[in-house]
There are 6 protein chains.
Amino acid sequence: MSDVRGPVDGLVVPRFAGPPTFARLPRLDEVVGCDLAIVGIPFDSGTTYRPGARFGPAAIRQGSKLLRPYNPAQDFSPFNTTQVADAGDIACNPFHIDEAIAQIDTGVDALLSAVRGVLALGGDHTIALPMLRAVRRHFGPVALVHFDAHLDTWNTYFGAPYTHGTPFRRATEEGLLLDDRGVHVGIRGPLYAASDIDDDRGLGFDIVRCTEFDTVALGVIVERIRARVGDSPVYVSVDIDVLDPAYAPATGTPEAGGLSSRELLALLRGLRGLRLVSADIVEVAPAYDHAEITAIAAAHIAYELLTDMALQKL
Amino acid sequence: MSDVRGPVDGLVVPRFAGPPTFARLPRLDEVVGCDLAIVGIPFDSGTTYRPGARFGPAAIRQGSKLLRPYNPAQDFSPFNTTQVADAGDIACNPFHIDEAIAQIDTGVDALLSAVRGVLALGGDHTIALPMLRAVRRHFGPVALVHFDAHLDTWNTYFGAPYTHGTPFRRATEEGLLLDDRGVHVGIRGPLYAASDIDDDRGLGFDIVRCTEFDTVALGVIVERIRARVGDSPVYVSVDIDVLDPAYAPATGTPEAGGLSSRELLALLRGLRGLRLVSADIVEVAPAYDHAEITAIAAAHIAYELLTDMALQKL
Amino acid sequence: MSDVRGPVDGLVVPRFAGPPTFARLPRLDEVVGCDLAIVGIPFDSGTTYRPGARFGPAAIRQGSKLLRPYNPAQDFSPFNTTQVADAGDIACNPFHIDEAIAQIDTGVDALLSAVRGVLALGGDHTIALPMLRAVRRHFGPVALVHFDAHLDTWNTYFGAPYTHGTPFRRATEEGLLLDDRGVHVGIRGPLYAASDIDDDRGLGFDIVRCTEFDTVALGVIVERIRARVGDSPVYVSVDIDVLDPAYAPATGTPEAGGLSSRELLALLRGLRGLRLVSADIVEVAPAYDHAEITAIAAAHIAYELLTDMALQKL
Amino acid sequence: MSDVRGPVDGLVVPRFAGPPTFARLPRLDEVVGCDLAIVGIPFDSGTTYRPGARFGPAAIRQGSKLLRPYNPAQDFSPFNTTQVADAGDIACNPFHIDEAIAQIDTGVDALLSAVRGVLALGGDHTIALPMLRAVRRHFGPVALVHFDAHLDTWNTYFGAPYTHGTPFRRATEEGLLLDDRGVHVGIRGPLYAASDIDDDRGLGFDIVRCTEFDTVALGVIVERIRARVGDSPVYVSVDIDVLDPAYAPATGTPEAGGLSSRELLALLRGLRGLRLVSADIVEVAPAYDHAEITAIAAAHIAYELLTDMALQKL
Amino acid sequence: MSDVRGPVDGLVVPRFAGPPTFARLPRLDEVVGCDLAIVGIPFDSGTTYRPGARFGPAAIRQGSKLLRPYNPAQDFSPFNTTQVADAGDIACNPFHIDEAIAQIDTGVDALLSAVRGVLALGGDHTIALPMLRAVRRHFGPVALVHFDAHLDTWNTYFGAPYTHGTPFRRATEEGLLLDDRGVHVGIRGPLYAASDIDDDRGLGFDIVRCTEFDTVALGVIVERIRARVGDSPVYVSVDIDVLDPAYAPATGTPEAGGLSSRELLALLRGLRGLRLVSADIVEVAPAYDHAEITAIAAAHIAYELLTDMALQKL
Amino acid sequence: MSDVRGPVDGLVVPRFAGPPTFARLPRLDEVVGCDLAIVGIPFDSGTTYRPGARFGPAAIRQGSKLLRPYNPAQDFSPFNTTQVADAGDIACNPFHIDEAIAQIDTGVDALLSAVRGVLALGGDHTIALPMLRAVRRHFGPVALVHFDAHLDTWNTYFGAPYTHGTPFRRATEEGLLLDDRGVHVGIRGPLYAASDIDDDRGLGFDIVRCTEFDTVALGVIVERIRARVGDSPVYVSVDIDVLDPAYAPATGTPEAGGLSSRELLALLRGLRGLRLVSADIVEVAPAYDHAEITAIAAAHIAYELLTDMALQKL
């Protein structure tokens, strides 16, 4: 499609120069007709340990400057035939979680009225709930593919129902997710009690523990995920802490023993062909990053998700 | 007073070992009768920019391990005749500012029922409000000596009345401060409007701008502060960002052009003899620290404040 | 002037969100009529020691997010009556110094055709030469006020005439500077030979050494600078290494014993009322920064320069 | 057992607050009857290259704050039925290795008179010798399972018999270890001579080289370790440098090509059911850490070891 | 050979002391007759993104201090029978790429006239071209085994034919490489277009993508490389960015999803017995390193390459 | 003197290349006849808190690469008429303080038999004692000018008489210092007891406290130091922690409220003309450095000391 406007050319404008958008793509206001929107959601007031994911969108954008337009791992150029654009940040209230959730919902809803899919750059995992609320309004309930060290289906923290540890319990309660189509991948680390897992299962989720990667081939895990979601509309939520802290030091609740970035990227490529309607990458807290390694990993994750989403158009 | 229990002896237990209390002092539950309590208030949900002061108390305690018992700058050993102890942390809700403020108020109030002064280790500047509420209950309204780059007398942020930018407006409105006895020291950096200063003056504060230190001798500024507070009971609040970012990189809203640690320590020593009833040192966000320089500066600030407070007993 | 568009309101859009322009000001393409333009010049191929100033513009913009619209030190709101906008980056060839210099010259020249002053965010000090070439075309030869640890009037490095150590010799040779109106401020650190100073004086520069700040009051130095430039049009060039490495670790050729940020900001405020036609702040190499302290100092420097430039309109 | 006192509840006291003990467990002096004690041994004067493990205990405790009470990988809650407590640090002389070794021996011996197992947080690897001396007194000679990049069976360094490179040669000479029951796991990196390996074998150790992990399944290596130690009492010593520097940058003698944290945790879980009598985790040098990734890995290692030790009680 | 002079003895001179040569080996001017020379080439003016590899040689030497003389993974002591020496740095012009390439060519050519193999420590990948020019003069065209995330066979950047992204296209055009004997290993990350791969194949290279490591055993990949080069003289070029950023943060164009250091070291050991005539390790940019992990990985890579090269003499 | 060999020319060999000696000066074995020797003493086993000064010599040498041959602040080129050379490191036993002290004494004594002055790069402050022993043998007892936050005249730590906190008490006891000619400059921070100061005075030292710099001009302090030492032979010992942690984060026992690097350099220049016979700069612990700012400050300190020492020859 000849009207598609891609990233600024890295052979003309050096990668350390140029627009500070994701992958140096055009801004949403610069294009006429947009298929996929990237949006920053700098909110981290739902964090239980190390805060700072409010600076995640800026860091991921900075870490995305080396992304080039052709994805050889999927043999596809996601920005060539699909108009992808950066919609900037959704401003939300750091002092009032409920208000912020409403602001995010409104902002994403408006985007989904104009484009066919949104990729959110968090922010902490609280943002997945308003994302799912908006998504449901446009696509109905969805299957959830959730990459994370943690289940994020706890009930409350300090009496607060909306935090970065509770979005998927709330989403289930609100009917935002399809029954028995959800799966957590990469779960590990200590929990509060054995009942945490039972409760999660009771909400209808399947769990692929991180320890399974020691003995089960990546391809088998991919098939398990694909079988789980089938041909449902799918929402993918990636908490960067699914990676081992060696790969993603810059996050709020790191757990040793995680995935490598190569494993995660392979899993994401394995989602190709599924009906991805929207996605997020959350919990990048740049104050804890070093040499941008977390931000770069997040940018590559976003790039594979965008490729998966762009491929659906074909 | 022979019953006073001081820090663990650094010639017997190496400074990198031993109890993780402030200055390796005893815990509050280890002493019988306590004069001055140090308490951590790990709350940072009132932060407008870089969060992370929730880890401040732990960092300041770690940075205090090199403090020895004799203060040569004031020729006094604050832990010899005054029982100082570490009361641990006040647990407060990170997801509900109002509840957290109530928890802090309750916790500090309980301490002030048992000791004659409290030194709080923040946490963001929001904590000064419940500190002042508890202080007023025990000492009546106080004079405020406030070291900071910022006025912290804004009205609201995003509609929120209780944040790290508003404590001293709220305190004035609530009658916690003595009229015309308050002074901000070290103010600098851009503001929203010229009216910010007028509003602040309207609340009854005096302002010593950081630029004045270029031409006015330290001793003159000390005298100005002393004259301002007179013989009133005094609350001292030190936002670590009163120091230049070179001296205190680990803070949430840094402003270039600040004080050196030598200047600030000299000012604090200049408060000797005033009626210090309680104090805080806030806004240390250790994720941004390097080689503990901010934490060490904060520990020295706390040490001078404790010396000032201990001297009153004599 | 009611049409002036200022920064995004920090009480509506949190400072960690919003546009990634300098001080969250509008982009040049968003305003109708612009008085002062900020432009990034991400070029560092003229660096002799630690490279990386190519990432300077992005870092300074990120470090400028806390700047608010009212400058209390000068009692003036530079963005209220003057339209200031961010013109983005000038793309220039990292592999060909001559071509890059031409690209910068062209880019700045185009800006100066549309606005009355440009503030450049470097990049290394090489960029001062094409800045001065463009400036001369619009304003004629200028007086130079140059803050730096180094003279930058060497002749060649490895046979190269255009590097970050030579711009002001070239500028003198090309007639871009007014005779006997130039002054270097903050010079310190070892040189190649005593003749370096003589050569510099031979080019018509005055030198205020950093050691003079030990015994001469800031106000006296300000007067010396003002007397030097008189009512000539003035170009101000600030190499961040004029600050001590404690204040500005993130630079390419650091020298111990430098200015504090408070001293430098006072000097820049002392330029108020001079005929500043354009300016630069260079040599911020963010890979060496910590907690953004260098970037924040640079942002404050830029803010004072913009205030000085905006004040002239009155 | 209803009297067991576990960690402070993370849903009541935020994880960034609360007691600075390992996993926020009670102190030894707070419990009546203790099964397993954690003790810090801040000694690093036996280090040959990068020192700083003296700060290891404080860092591992800080890195352990996110540990929750239920271990899903072993389906067991180690703190529920076993009383685990933090015994603080053993103070030892940094200037006299022999005296320090005696102090550690005395301290651990006293603990083992009161509890049934000790987990030591180092400190450098020198501490394994006095640990083993005390362990032998209580349990007789033990099988050694030693995770490390290095053999640590050198004879002397600069004439010194007791350093972090020699503990297991000394232990063998002193009869602290069972014959032919010892195994080193993860050995890699250059040695002084081929005879280093022969000498080590001559002392009765088996070696699982790190390169074997490229071709041998984790389960097979686990079985090899289990077969080696059989039903002997076992001491486990974990040098954090068995992990690759990507996973554990904060250590004194890092070697490329190491284990991932996921591999090491799987190995430790594979020790389940063995007769673990005591253990150590050593060589964490926090000055070289980033975002606590080494400390967090060490905390997870300690948690799996505690689970293994607690399971034996059943 | 009894005259061979090895590294300074680590049991006599502590590893943190002693000569700052690679692995504390003798300098070239200290030995009579040298077999293999290590040379630093501190040049990074061909870098497209993060510069700083000019400090690579110093960092790799510092990171090599822990290397001991016996390589157990290859059961060989490379410094015992082969005289290896450190030839210092080749000085080259940072401001003129063509001149620098000529200086490197001259310097390496002189070395190859005196020794039988050179291992270069970069510097950016630009240096591979003059290395190959000199190598061809002494050994004829060679097979290339190239470990890298990137193909480095682009044509030009900003019109520049000689950069760190183009050396192997230039080398092919200049006839420096044997036809159909070259292989890239570890390729990953986005490209400009699908034609990048076709163009590379057109130049006669085989590509082992990084994603293949997910499903193909290391031994199979080793055999594929060995079959590719056969018994030709081989030049090995290692761009440190072939490692994942977790293992090698300190590089200029990092891509997520890379090799582990254990995988890369296994591959390099798999080259044993091939006719390695010279080699390089490039793109270490220490400003982005943490705790020397990249420098240490590079030192181990160099050590395996030296072992491979020394083994050929037998 | 035409035979003097100076540093490698920075206009020919880039500063990031070339020999890793101090200031790129020749090695001692490269010159015929040497006036002043620089020697590294990588010993830190006398450290009471943060270790790591064993890496100080390497870091200071790396930080000295930007030093050029002409010192404008003293209008003198110290390397032009005086042969200065780098003597490498003295290897000393990290596990035996007494043996290390003997090794240092022997090493320095040998140097002083060949040159007229030695500048030592530490290492921790323990090294000052063997330096002074060797100095006394060649010059008799000396006046001590000691820049430090700490007195370093404690008696013992944990029973150890030789540590970094005791050298000047031992030196006094051993008659290495002239009576009533010693002065400590920059003393600050808490002490164990008031008697620490009395004890120090009893040993014959004068103390210039850091707080005095707030009210006394630098020139007056310089005169006080000069009057103290008169025309005696002088030994200058600089503990880098005399600087504020903002200027020198990389040290073992940092204390807030210190000198700026500009103040310290001015003091050192004030020693011009005194009879400096040898000197040291100690306690640089690079693991805690950032962007080399401490190492660069130390290099500048060393440069001023060398200038002072070279000037005496005239």
# chains A, B, ... in the order shown; residues from 1 in each chain; ligands from 1
$ residues_around --residues "Gly165 (chain D)" --least-positions-apart "3" --cutoff "7 Å" --atoms "only C-alpha atoms" --output "ChimeraX atom specification"
/D:152-154
$ residues_around --residues "region 292-302 of chain E" --least-positions-apart "5" --cutoff "9 Å" --atoms "only C-alpha atoms" --output "MDAnalysis selection string"
(chainID D and resid 189:190 245:246 249 254:257 288) or (chainID E and resid 22:23 56 59:67 119:121 238 240 247:251 261 264:265 268 279:282 284:286 307)
$ residues_around --residues "region 77-82 of chain E" --least-positions-apart "4" --cutoff "10 Å" --atoms "only C-alpha atoms" --output "number ranges by chain"
D: 190-194; E: 1-7, 25, 34-36, 68-72, 303-314
$ closest_atom_pairs --of "chain A" --to "chain C" --cutoff "8 Å" --atoms "only C-alpha atoms" --output "JSON lines"
{"residue": "A:Val12", "atom": "CA", "partner": "C:Ala91", "partner_atom": "CA", "distance": 7.7}
{"residue": "A:Val13", "atom": "CA", "partner": "C:Ala91", "partner_atom": "CA", "distance": 5.3}
{"residue": "A:Pro14", "atom": "CA", "partner": "C:Ala91", "partner_atom": "CA", "distance": 6.6}
{"residue": "A:Phe16", "atom": "CA", "partner": "C:Phe55", "partner_atom": "CA", "distance": 6.2}
{"residue": "A:Ala17", "atom": "CA", "partner": "C:Asp89", "partner_atom": "CA", "distance": 6.1}
{"residue": "A:Gly18", "atom": "CA", "partner": "C:Asp89", "partner_atom": "CA", "distance": 6.0}
{"residue": "A:Pro19", "atom": "CA", "partner": "C:Gly88", "partner_atom": "CA", "distance": 7.3}
{"residue": "A:Pro20", "atom": "CA", "partner": "C:Pro20", "partner_atom": "CA", "distance": 6.9}
{"residue": "A:Pro42", "atom": "CA", "partner": "C:Ala17", "partner_atom": "CA", "distance": 6.2}
{"residue": "A:Arg54", "atom": "CA", "partner": "C:Phe16", "partner_atom": "CA", "distance": 6.6}
{"residue": "A:Phe55", "atom": "CA", "partner": "C:Phe16", "partner_atom": "CA", "distance": 6.2}
{"residue": "A:Gly88", "atom": "CA", "partner": "C:Gly18", "partner_atom": "CA", "distance": 7.2}
{"residue": "A:Asp89", "atom": "CA", "partner": "C:Gly18", "partner_atom": "CA", "distance": 6.0}
{"residue": "A:Ile90", "atom": "CA", "partner": "C:Ala17", "partner_atom": "CA", "distance": 7.6}
{"residue": "A:Ala91", "atom": "CA", "partner": "C:Val13", "partner_atom": "CA", "distance": 5.3}
{"residue": "A:Cys92", "atom": "CA", "partner": "C:Val13", "partner_atom": "CA", "distance": 7.3}
{"residue": "A:Asn93", "atom": "CA", "partner": "C:Pro14", "partner_atom": "CA", "distance": 7.6}
{"residue": "A:Pro94", "atom": "CA", "partner": "C:Pro14", "partner_atom": "CA", "distance": 7.8}
{"residue": "A:Ala287", "atom": "CA", "partner": "C:Ala291", "partner_atom": "CA", "distance": 8.0}
{"residue": "A:Ala291", "atom": "CA", "partner": "C:Ala287", "partner_atom": "CA", "distance": 8.0}
$ write_last_selection --atoms "all heavy atoms" --output "compact mmCIF listing (two decimals), in the first residue's frame"
# COMPACT_ATOMS: atom_id res chain seq x y z
N VAL A 12 19.51 7.94 6.26
CA VAL A 12 19.47 9.39 5.98
C VAL A 12 19.57 10.17 7.29
O VAL A 12 20.37 11.09 7.41
CB VAL A 12 18.18 9.76 5.22
CG1 VAL A 12 18.09 11.27 5.07
CG2 VAL A 12 18.15 9.06 3.87
N VAL A 13 18.76 9.80 8.24
CA VAL A 13 18.81 10.44 9.56
C VAL A 13 19.43 9.44 10.54
O VAL A 13 18.88 8.36 10.74
CB VAL A 13 17.38 10.83 10.03
CG1 VAL A 13 17.44 11.46 11.42
CG2 VAL A 13 16.72 11.75 9.03
N PRO A 14 20.56 9.79 11.14
CA PRO A 14 21.19 8.84 12.06
C PRO A 14 20.22 8.40 13.15
O PRO A 14 19.36 9.17 13.56
CB PRO A 14 22.36 9.64 12.64
CG PRO A 14 22.64 10.73 11.68
CD PRO A 14 21.31 11.04 11.04
N PHE A 16 20.58 8.04 16.21
CA PHE A 16 20.62 8.79 17.46
C PHE A 16 19.96 10.16 17.29
O PHE A 16 19.87 10.92 18.24
CB PHE A 16 22.06 8.93 17.98
CG PHE A 16 23.04 9.28 16.91
CD1 PHE A 16 23.26 10.59 16.55
CD2 PHE A 16 23.76 8.28 16.26
CE1 PHE A 16 24.17 10.92 15.57
CE2 PHE A 16 24.67 8.60 15.26
CZ PHE A 16 24.88 9.92 14.92
N ALA A 17 19.52 10.49 16.08
CA ALA A 17 18.78 11.73 15.83
C ALA A 17 17.35 11.36 15.48
O ALA A 17 16.95 10.22 15.57
CB ALA A 17 19.44 12.50 14.68
N GLY A 18 16.59 12.35 15.07
CA GLY A 18 15.25 12.08 14.57
C GLY A 18 14.19 12.03 15.63
O GLY A 18 14.45 12.30 16.80
N PRO A 19 12.95 11.71 15.21
CA PRO A 19 11.81 11.84 16.13
C PRO A 19 11.87 10.83 17.27
O PRO A 19 12.29 9.69 17.07
CB PRO A 19 10.61 11.55 15.22
CG PRO A 19 11.14 10.75 14.09
CD PRO A 19 12.55 11.22 13.89
N PRO A 20 11.41 11.25 18.43
CA PRO A 20 11.47 10.37 19.60
C PRO A 20 10.25 9.46 19.72
O PRO A 20 9.88 9.09 20.82
CB PRO A 20 11.56 11.38 20.75
CG PRO A 20 10.85 12.57 20.25
CD PRO A 20 11.02 12.61 18.76
N PRO A 42 1.97 6.09 31.12
CA PRO A 42 2.96 6.28 32.19
C PRO A 42 2.30 6.34 33.57
O PRO A 42 2.22 7.40 34.18
CB PRO A 42 3.65 7.58 31.80
CG PRO A 42 2.62 8.34 31.04
CD PRO A 42 1.73 7.34 30.38
N ARG A 54 6.46 4.55 35.54
CA ARG A 54 5.94 5.77 34.90
C ARG A 54 6.90 6.30 33.84
O ARG A 54 6.51 7.03 32.95
CB ARG A 54 5.66 6.85 35.95
CG ARG A 54 6.85 7.29 36.75
CD ARG A 54 6.51 8.35 37.78
NE ARG A 54 5.64 7.84 38.84
CZ ARG A 54 5.18 8.57 39.86
NH1 ARG A 54 5.54 9.85 39.95
NH2 ARG A 54 4.41 8.06 40.78
N PHE A 55 8.18 5.97 33.99
CA PHE A 55 9.16 6.39 32.98
C PHE A 55 9.37 5.31 31.89
O PHE A 55 10.23 5.46 31.03
CB PHE A 55 10.50 6.72 33.64
CG PHE A 55 10.44 7.96 34.49
CD1 PHE A 55 10.38 7.88 35.88
CD2 PHE A 55 10.44 9.21 33.90
CE1 PHE A 55 10.32 9.03 36.66
CE2 PHE A 55 10.38 10.37 34.68
CZ PHE A 55 10.32 10.27 36.06
N GLY A 88 1.48 8.89 21.23
CA GLY A 88 1.90 9.65 22.42
C GLY A 88 1.47 8.97 23.70
O GLY A 88 1.27 7.75 23.74
N ASP A 89 1.38 9.76 24.77
CA ASP A 89 1.05 9.21 26.09
C ASP A 89 -0.38 9.56 26.49
O ASP A 89 -0.89 10.63 26.15
CB ASP A 89 1.97 9.82 27.16
CG ASP A 89 3.40 9.33 27.05
OD1 ASP A 89 3.65 8.29 26.41
OD2 ASP A 89 4.28 10.00 27.62
N ILE A 90 -0.98 8.69 27.25
CA ILE A 90 -2.24 9.02 27.91
C ILE A 90 -1.90 9.60 29.28
O ILE A 90 -1.22 8.94 30.08
CB ILE A 90 -3.12 7.76 28.07
CG1 ILE A 90 -3.56 7.25 26.70
CG2 ILE A 90 -4.33 8.05 28.97
CD1 ILE A 90 -4.35 5.94 26.74
N ALA A 91 -2.32 10.83 29.51
CA ALA A 91 -2.05 11.47 30.81
C ALA A 91 -3.01 10.90 31.84
O ALA A 91 -4.22 10.86 31.61
CB ALA A 91 -2.24 12.97 30.69
N CYS A 92 -2.47 10.44 32.96
CA CYS A 92 -3.40 9.93 33.98
C CYS A 92 -2.90 10.31 35.38
O CYS A 92 -1.73 10.51 35.61
CB CYS A 92 -3.64 8.43 33.83
SG CYS A 92 -2.22 7.44 33.45
N ASN A 93 -3.85 10.40 36.26
CA ASN A 93 -3.63 10.94 37.61
C ASN A 93 -2.81 9.99 38.48
O ASN A 93 -3.27 8.89 38.80
CB ASN A 93 -5.01 11.17 38.24
CG ASN A 93 -4.92 11.96 39.53
OD1 ASN A 93 -3.90 11.88 40.22
ND2 ASN A 93 -5.96 12.70 39.83
N PRO A 94 -1.60 10.42 38.90
CA PRO A 94 -0.78 9.51 39.71
C PRO A 94 -1.28 9.35 41.14
O PRO A 94 -0.79 8.49 41.86
CB PRO A 94 0.60 10.18 39.68
CG PRO A 94 0.32 11.62 39.46
CD PRO A 94 -0.92 11.68 38.62
N ALA A 287 14.79 3.44 36.05
CA ALA A 287 15.80 3.84 37.03
C ALA A 287 16.68 2.65 37.41
O ALA A 287 17.80 2.84 37.89
CB ALA A 287 15.14 4.41 38.28
N ALA A 291 22.55 0.36 30.73
CA ALA A 291 22.89 0.36 29.30
C ALA A 291 21.67 0.05 28.45
O ALA A 291 21.78 -0.49 27.35
CB ALA A 291 24.01 -0.64 29.00
$ select_by_dssp --residues "region 46-270 of chain C" --states "alpha helix (DSSP H)" --output "count of residues only"
74
$ select_by_dssp --residues "region 92-214 of chain A" --states "strand (DSSP E)" --output "number ranges by chain"
A: 117-122, 143-147, 182-187, 205-209
$ write_last_selection --atoms "N, CA, C and O atoms" --output "compact mmCIF listing (two decimals), in the first residue's frame"
# COMPACT_ATOMS: atom_id res chain seq x y z
N GLY A 117 -6.07 -1.90 16.30
CA GLY A 117 -5.36 -2.54 17.41
C GLY A 117 -4.46 -1.55 18.11
O GLY A 117 -3.94 -0.61 17.50
N VAL A 118 -4.28 -1.75 19.41
CA VAL A 118 -3.44 -0.86 20.21
C VAL A 118 -2.37 -1.68 20.91
O VAL A 118 -2.65 -2.76 21.45
N LEU A 119 -1.16 -1.16 20.89
CA LEU A 119 -0.09 -1.74 21.69
C LEU A 119 0.28 -0.70 22.75
O LEU A 119 0.75 0.39 22.41
N ALA A 120 0.07 -1.07 24.03
CA ALA A 120 0.36 -0.12 25.11
C ALA A 120 1.75 -0.37 25.68
O ALA A 120 2.15 -1.51 25.90
N LEU A 121 2.43 0.74 25.93
CA LEU A 121 3.72 0.69 26.63
C LEU A 121 3.49 1.20 28.04
O LEU A 121 3.20 2.38 28.24
N GLY A 122 3.60 0.29 29.03
CA GLY A 122 3.38 0.69 30.43
C GLY A 122 4.57 1.38 30.99
O GLY A 122 5.58 1.55 30.32
N ALA A 143 -9.50 -13.93 24.76
CA ALA A 143 -8.57 -14.88 25.39
C ALA A 143 -7.36 -14.08 25.85
O ALA A 143 -6.91 -13.15 25.17
N LEU A 144 -6.80 -14.47 27.00
CA LEU A 144 -5.64 -13.75 27.53
C LEU A 144 -4.40 -14.63 27.45
O LEU A 144 -4.38 -15.74 28.00
N VAL A 145 -3.35 -14.12 26.81
CA VAL A 145 -2.04 -14.77 26.88
C VAL A 145 -1.15 -13.83 27.67
O VAL A 145 -0.85 -12.72 27.21
N HIS A 146 -0.75 -14.29 28.82
CA HIS A 146 -0.13 -13.42 29.82
C HIS A 146 1.25 -13.95 30.19
O HIS A 146 1.38 -15.00 30.81
N PHE A 147 2.29 -13.20 29.80
CA PHE A 147 3.67 -13.57 30.13
C PHE A 147 4.10 -12.80 31.37
O PHE A 147 4.09 -11.56 31.36
N GLY A 182 -7.68 -18.42 29.04
CA GLY A 182 -6.54 -17.64 29.53
C GLY A 182 -5.38 -18.53 29.93
O GLY A 182 -5.58 -19.65 30.41
N VAL A 183 -4.20 -18.01 29.75
CA VAL A 183 -3.01 -18.77 30.16
C VAL A 183 -1.93 -17.80 30.64
O VAL A 183 -1.70 -16.75 30.03
N HIS A 184 -1.32 -18.13 31.78
CA HIS A 184 -0.14 -17.42 32.27
C HIS A 184 1.10 -18.20 31.85
O HIS A 184 1.14 -19.43 32.03
N VAL A 185 2.11 -17.52 31.38
CA VAL A 185 3.33 -18.19 30.95
C VAL A 185 4.54 -17.59 31.66
O VAL A 185 4.70 -16.37 31.63
N GLY A 186 5.34 -18.45 32.26
CA GLY A 186 6.58 -17.99 32.88
C GLY A 186 6.49 -17.80 34.38
O GLY A 186 7.42 -17.28 35.01
N ILE A 187 5.39 -18.27 34.96
CA ILE A 187 5.15 -18.08 36.40
C ILE A 187 6.27 -18.74 37.22
O ILE A 187 6.67 -19.87 36.95
N PHE A 205 -7.81 -19.99 34.61
CA PHE A 205 -6.54 -19.82 33.90
C PHE A 205 -5.74 -21.12 33.87
O PHE A 205 -5.80 -21.92 34.81
N ASP A 206 -4.99 -21.30 32.82
CA ASP A 206 -3.97 -22.35 32.77
C ASP A 206 -2.63 -21.68 33.12
O ASP A 206 -2.46 -20.47 32.95
N ILE A 207 -1.71 -22.47 33.65
CA ILE A 207 -0.41 -21.92 34.06
C ILE A 207 0.72 -22.72 33.40
O ILE A 207 0.78 -23.94 33.56
N VAL A 208 1.60 -22.02 32.69
CA VAL A 208 2.85 -22.63 32.22
C VAL A 208 3.95 -22.08 33.11
O VAL A 208 4.33 -20.91 33.00
N ARG A 209 4.43 -22.93 34.00
CA ARG A 209 5.45 -22.45 34.93
C ARG A 209 6.80 -22.30 34.23
O ARG A 209 7.11 -23.01 33.28
$ residues_around --residues "Thr172 (chain A)" --least-positions-apart "3" --cutoff "10 Å" --atoms "only C-alpha atoms" --output "list in words"
Leu129, Pro141, Thr153, Pro167, Phe168, Arg169, Gly175, Leu176, Leu177, Leu178, Asp179, Gly182, Leu203, Gly204 and Phe205 of chain A
$ residues_around --residues "Ala87 (chain B)" --least-positions-apart "3" --cutoff "8 Å" --atoms "only C-alpha atoms" --output "VMD selection string"
chain B and resid 27 to 29 37 to 40
$ residues_around --residues "Val222 (chain D)" --least-positions-apart "5" --cutoff "8 Å" --atoms "only C-alpha atoms" --output "list in words"
Leu267, Gly270 and Leu271 of chain D
$ write_last_selection --atoms "N, CA, C and O atoms" --output "CSV table (one decimal), in the first residue's frame"
chain,number,residue,atom,x,y,z
D,267,LEU,N,18.9,-27.2,40.1
D,267,LEU,CA,19.9,-28.1,40.7
D,267,LEU,C,19.6,-28.2,42.2
D,267,LEU,O,19.6,-29.3,42.9
D,270,GLY,N,16.8,-30.1,43.1
D,270,GLY,CA,17.1,-31.5,43.0
D,270,GLY,C,17.8,-32.2,44.2
D,270,GLY,O,17.9,-33.4,44.3
D,271,LEU,N,18.2,-31.3,45.1
D,271,LEU,CA,18.8,-31.8,46.4
D,271,LEU,C,17.8,-32.2,47.4
D,271,LEU,O,18.1,-32.8,48.5
